[in-house]
>>> print(open('target-v7.txt').read())   # compact mmCIF, C-alpha atoms
# COMPACT_ATOMS: atom_id res chain seq x y z
CA MET A 162 -33.33 26.88 23.46
CA GLY A 163 -30.13 26.41 21.49
CA ILE A 164 -26.52 26.06 22.44
CA PHE A 165 -24.43 28.99 21.31
CA ILE A 166 -20.80 28.26 20.66
CA ASN A 167 -18.30 30.55 19.08
CA GLN A 168 -14.94 29.46 17.77
CA SER A 169 -12.83 31.69 20.01
CA SER A 170 -14.43 30.38 23.21
CA ILE A 171 -13.85 26.79 22.06
CA GLN A 172 -10.25 27.54 21.16
CA THR A 173 -9.72 29.19 24.55
CA ARG A 174 -11.15 26.17 26.36
CA LEU A 175 -8.93 23.84 24.35
CA GLY A 176 -5.84 25.98 24.75
CA ILE A 177 -5.29 26.34 21.01
CA SER A 178 -4.92 29.39 18.85
CA HIS A 179 -6.00 28.29 15.38
CA VAL A 180 -7.16 24.92 14.06
CA CYS A 181 -9.80 24.26 11.48
CA SER A 182 -10.98 21.20 9.62
CA THR A 183 -10.20 22.83 6.28
CA GLN A 184 -6.54 22.97 7.25
CA LEU A 185 -6.51 19.49 8.68
CA SER A 186 -8.29 17.70 5.86
CA HIS A 187 -6.96 19.60 2.86
CA GLY A 188 -3.68 21.02 4.09
CA THR A 189 -4.55 24.49 2.86
CA LYS A 190 -3.51 27.69 4.54
CA GLU A 191 -6.89 29.34 4.08
CA CYS A 192 -9.50 28.92 6.74
CA GLY A 193 -12.96 30.21 5.97
CA SER A 194 -15.92 30.24 8.29
CA GLN A 195 -17.42 27.08 6.80
CA GLY A 196 -16.05 23.78 8.03
CA GLN A 197 -14.00 25.13 10.92
CA LEU A 198 -16.08 23.94 13.81
CA PRO A 199 -16.32 20.17 13.15
CA SER A 200 -12.68 19.49 14.11
CA ILE A 201 -12.87 21.86 17.04
CA LEU A 202 -16.21 20.44 18.18
CA PHE A 203 -14.79 16.92 17.96
CA LEU A 204 -12.00 17.94 20.34
CA VAL A 205 -14.48 19.60 22.72
CA GLY A 206 -16.69 16.52 22.62
CA LEU A 207 -13.65 14.36 23.26
CA GLN A 208 -12.80 16.36 26.39
CA HIS A 209 -16.38 16.12 27.65
CA THR A 210 -16.48 12.36 27.02
CA ILE A 211 -13.23 11.81 28.91
CA ALA A 212 -14.48 13.96 31.81
CA TRP A 213 -17.78 12.06 31.90
CA LEU A 214 -15.99 8.70 31.89
CA ARG A 215 -13.83 9.80 34.83
CA GLU A 216 -16.98 10.68 36.76
CA THR A 217 -18.47 7.25 36.02
CA GLY A 218 -15.39 5.31 37.11
CA TYR A 219 -13.65 4.73 33.77
CA SER A 220 -10.54 6.71 34.52
CA LEU A 221 -7.67 4.48 33.41
CA CYS A 222 -6.32 4.61 29.89
CA VAL A 223 -7.57 1.63 27.89
CA PHE A 224 -4.19 1.31 26.15
CA CYS A 225 -1.76 1.23 29.08
CA ASN A 226 -4.10 0.69 32.06
CA SER A 227 -1.68 2.63 34.23
CA ALA A 228 -2.46 6.33 33.79
CA VAL A 229 -5.56 8.45 34.07
CA GLU A 230 -7.11 8.93 30.66
CA THR A 231 -6.85 12.57 29.67
CA ARG A 232 -6.71 14.15 26.26
CA ASP A 233 -2.99 14.84 26.65
CA HIS A 234 -2.31 11.28 27.78
CA LEU A 235 -4.43 9.67 25.08
CA PHE A 236 -2.87 11.90 22.37
CA PHE A 237 0.18 11.14 22.52
CA GLY A 238 1.42 10.78 26.09
CA CYS A 239 0.46 7.12 26.36
CA HIS A 240 3.25 4.82 25.19
CA TYR A 241 0.78 3.09 22.82
CA SER A 242 -0.34 6.22 20.95
CA GLU A 243 3.09 7.85 21.19
CA GLU A 244 4.69 4.87 19.49
CA ILE A 245 2.22 5.12 16.61
CA TRP A 246 2.68 8.92 16.38
CA ARG A 247 6.47 8.53 16.47
CA ASN A 248 6.45 5.87 13.78
CA LEU A 249 4.35 8.06 11.47
CA THR A 250 5.89 11.50 12.12
CA LYS A 251 9.44 11.28 13.54
CA LYS A 252 11.20 11.33 10.14
CA LEU A 253 8.65 13.78 8.77
CA LEU A 254 9.29 16.30 11.55
CA GLY A 255 12.98 15.63 12.18
CA PRO A 256 14.28 17.80 15.04
CA ARG A 257 10.82 19.35 15.55
CA TYR A 258 9.35 15.98 16.57
CA THR A 259 7.25 16.10 19.72
CA TYR A 260 4.51 14.04 21.29
CA GLU A 261 3.26 16.73 23.69
CA TRP A 262 -0.30 17.68 22.76
CA SER A 263 0.13 21.45 22.99
CA ARG A 264 3.32 21.40 20.91
CA VAL A 265 1.76 19.04 18.37
CA LEU A 266 -1.15 21.46 17.98
CA GLU A 267 1.29 24.32 17.53
CA LEU A 268 3.03 22.42 14.72
CA VAL A 269 -0.26 21.46 13.09
CA SER A 270 -1.63 25.00 13.35
CA ALA A 271 1.41 27.09 12.48
CA ASN A 272 2.87 27.40 9.02
CA VAL A 273 6.47 26.78 10.05
CA LEU A 274 7.06 23.72 7.86
CA SER A 275 7.19 23.45 4.10
CA THR A 276 3.73 23.34 2.52
CA THR A 277 4.12 19.66 1.61
CA ILE A 278 5.29 18.59 5.07
CA GLN A 279 2.58 20.73 6.67
CA PHE A 280 -0.08 19.02 4.54
CA LEU A 281 1.26 15.57 5.47
CA LEU A 282 1.50 16.42 9.16
CA ARG A 283 -2.04 17.78 9.26
CA TYR A 284 -3.46 14.79 7.50
CA VAL A 285 -1.55 12.29 9.66
CA PHE A 286 -2.72 14.17 12.76
CA GLN A 287 -6.34 14.12 11.65
CA ALA A 288 -6.29 10.46 10.63
CA LEU A 289 -4.44 9.32 13.74
CA VAL A 290 -6.57 11.21 16.26
CA HIS A 291 -9.66 9.70 14.66
CA THR A 292 -8.17 6.20 14.48
CA ILE A 293 -6.95 6.24 18.09
CA TRP A 294 -10.35 7.46 19.26
CA ILE A 295 -12.10 4.68 17.30
CA GLU A 296 -9.69 2.08 18.74
CA ARG A 297 -10.20 3.47 22.23
CA ASN A 298 -13.99 3.28 21.90
CA GLY A 299 -13.74 -0.23 20.51
CA ARG A 300 -11.71 -1.35 23.51
CA ARG A 301 -14.16 0.34 25.89
CA HIS A 302 -17.00 -1.62 24.30
CA GLY A 303 -15.31 -5.02 24.01
CA SER A 304 -14.06 -5.07 20.41
CA PRO A 305 -10.87 -6.98 19.64
CA HIS A 306 -7.70 -4.93 20.12
CA GLN A 307 -5.81 -3.74 17.08
CA ASP A 308 -2.09 -4.33 16.99
CA LEU A 309 0.16 -1.25 16.73
CA ARG A 310 1.43 -2.38 13.34
CA ASN A 311 -2.11 -2.66 12.00
CA ILE A 312 -2.98 0.86 13.12
CA ILE A 313 0.24 2.23 11.62
CA LYS A 314 -0.48 0.43 8.34
CA PHE A 315 -4.06 1.69 8.35
CA VAL A 316 -3.09 5.36 8.85
CA ASP A 317 -0.23 5.03 6.35
CA LYS A 318 -2.72 3.70 3.78
CA GLN A 319 -5.13 6.55 4.53
CA VAL A 320 -2.38 9.10 3.90
CA ARG A 321 -1.33 7.42 0.64
CA ASN A 322 -4.92 7.25 -0.55
CA ARG A 323 -5.49 10.90 0.30
CA ILE A 324 -2.37 11.97 -1.58
CA SER A 325 -3.42 9.88 -4.58
CA SER A 326 -6.92 11.34 -4.56
CA LEU A 327 -5.55 14.90 -4.58
CA ARG A 328 -2.86 14.50 -7.26
CA GLY A 329 -3.38 16.98 -10.05
CA LYS A 330 -6.00 18.90 -8.06
CA GLY A 331 -3.80 21.15 -5.99
CA GLY A 332 -0.63 23.13 -6.01
CA LYS A 333 2.92 22.00 -6.57
CA TYR A 334 3.20 20.79 -3.00
CA LEU A 335 0.91 17.84 -3.77
CA THR A 336 3.15 16.54 -6.54
CA GLN A 337 5.95 16.19 -3.98
CA ALA A 338 3.72 14.82 -1.20
CA MET A 339 3.95 11.13 -2.09
CA ALA A 340 7.74 11.23 -2.46
CA ASN A 341 8.06 13.02 0.89
CA TRP A 342 5.71 10.52 2.51
CA PHE A 343 7.68 7.55 1.15
CA ASP A 344 10.93 9.17 2.34
CA SER A 345 9.49 9.57 5.83
CA ARG A 346 8.37 5.94 5.89
CA ALA A 347 11.72 4.46 4.77
>>> encode(input="target-v7.txt", output="structure tokens")
Amino acid sequence: MGIFINQSSIQTRLGISHVCSTQLSHGTKECGSQGQLPSILFLVGLQHTIAWLRETGYSLCVFCNSAVETRDHLFFGCHYSEEIWRNLTKKLLGPRYTYEWSRVLELVSANVLSTTIQFLLRYVFQALVHTIWIERNGRRHGSPHQDLRNIIKFVDKQVRNRISSLRGKGGKYLTQAMANWFDSRA
């Protein structure tokens, strides 16, 4: 017996309208049927893991130890993750900056920013959600804590490496990506 999941039911459960891994990892506007579900399934799995941990007594956020760990708190309501998100995206987003999960997903999903900024935002989002989740799991299982500055440097390096790896392979927006990224980091 298999588990049948369709994208619209997952998106409804997550409260999102349109996110796919193709958009998040490559910054493209197109979204074919291949490769959409991994990012969405990660978010569904994340919600189930958090719910399971609450049931087993692990309900406090491992970063602040003062709030119940929920998806919205972990990304980016907790002062720890919000500070990292702010450091990486405040200048990039300007007046559109937000740390509220639903509004962040709207920005990541919609095409309201320039193509270059949209690519950068989507990649920062993807890299940071993954990095925060890895740090969270490490703390849950006794690994040494990473300093905020180290996580910021790590994600910054991931973004730079991704831009470098895509130079000359995409549209005009990629030629401007590194300059925009450096401007947002200054």
>>> closest_residue(input="target-v7.txt", among="A:Asp308, A:Val223, A:Gln287, A:Val273", to="A:Glu244", atoms="all atoms listed in the file")
A:Asp308
>>> closest_residue(input="target-v7.txt", among="A:Phe343, A:Tyr284, A:Trp262, A:Phe315", to="A:Glu296", atoms="all atoms listed in the file")
A:Phe315
>>> closest_residue(input="target-v7.txt", among="A:Val320, A:Cys239, A:Ala271, A:Leu266", to="A:Asn226", atoms="only C-alpha atoms")
A:Cys239
>>> residues_around(input="target-v7.txt", residues="A:Arg310", least_positions_apart="5", cutoff="12 Å", atoms="all atoms listed in the file", output="PyMOL selection string")
chain A and resi 241-242+244-246+248-249+315-317
>>> atom_distance(input="target-v7.txt", atom1="atom CA of A:Ser325", atom2="atom CA of A:Phe286")
17.9 Å
>>> atom_distance(input="target-v7.txt", atom1="atom CA of A:Gln279", atom2="atom CA of A:Trp342")
11.5 Å
>>> atom_distance(input="target-v7.txt", atom1="atom CA of A:Met339", atom2="atom CA of A:Glu261")
26.4 Å
>>> closest_residue(input="target-v7.txt", among="A:Val269, A:Val229, A:Leu253, A:Leu235", to="A:Arg297", atoms="only C-alpha atoms")
A:Leu235
>>> closest_residue(input="target-v7.txt", among="A:Gly255, A:Leu274, A:Ile313, A:Arg328", to="A:Ser345", atoms="only C-alpha atoms")
A:Gly255
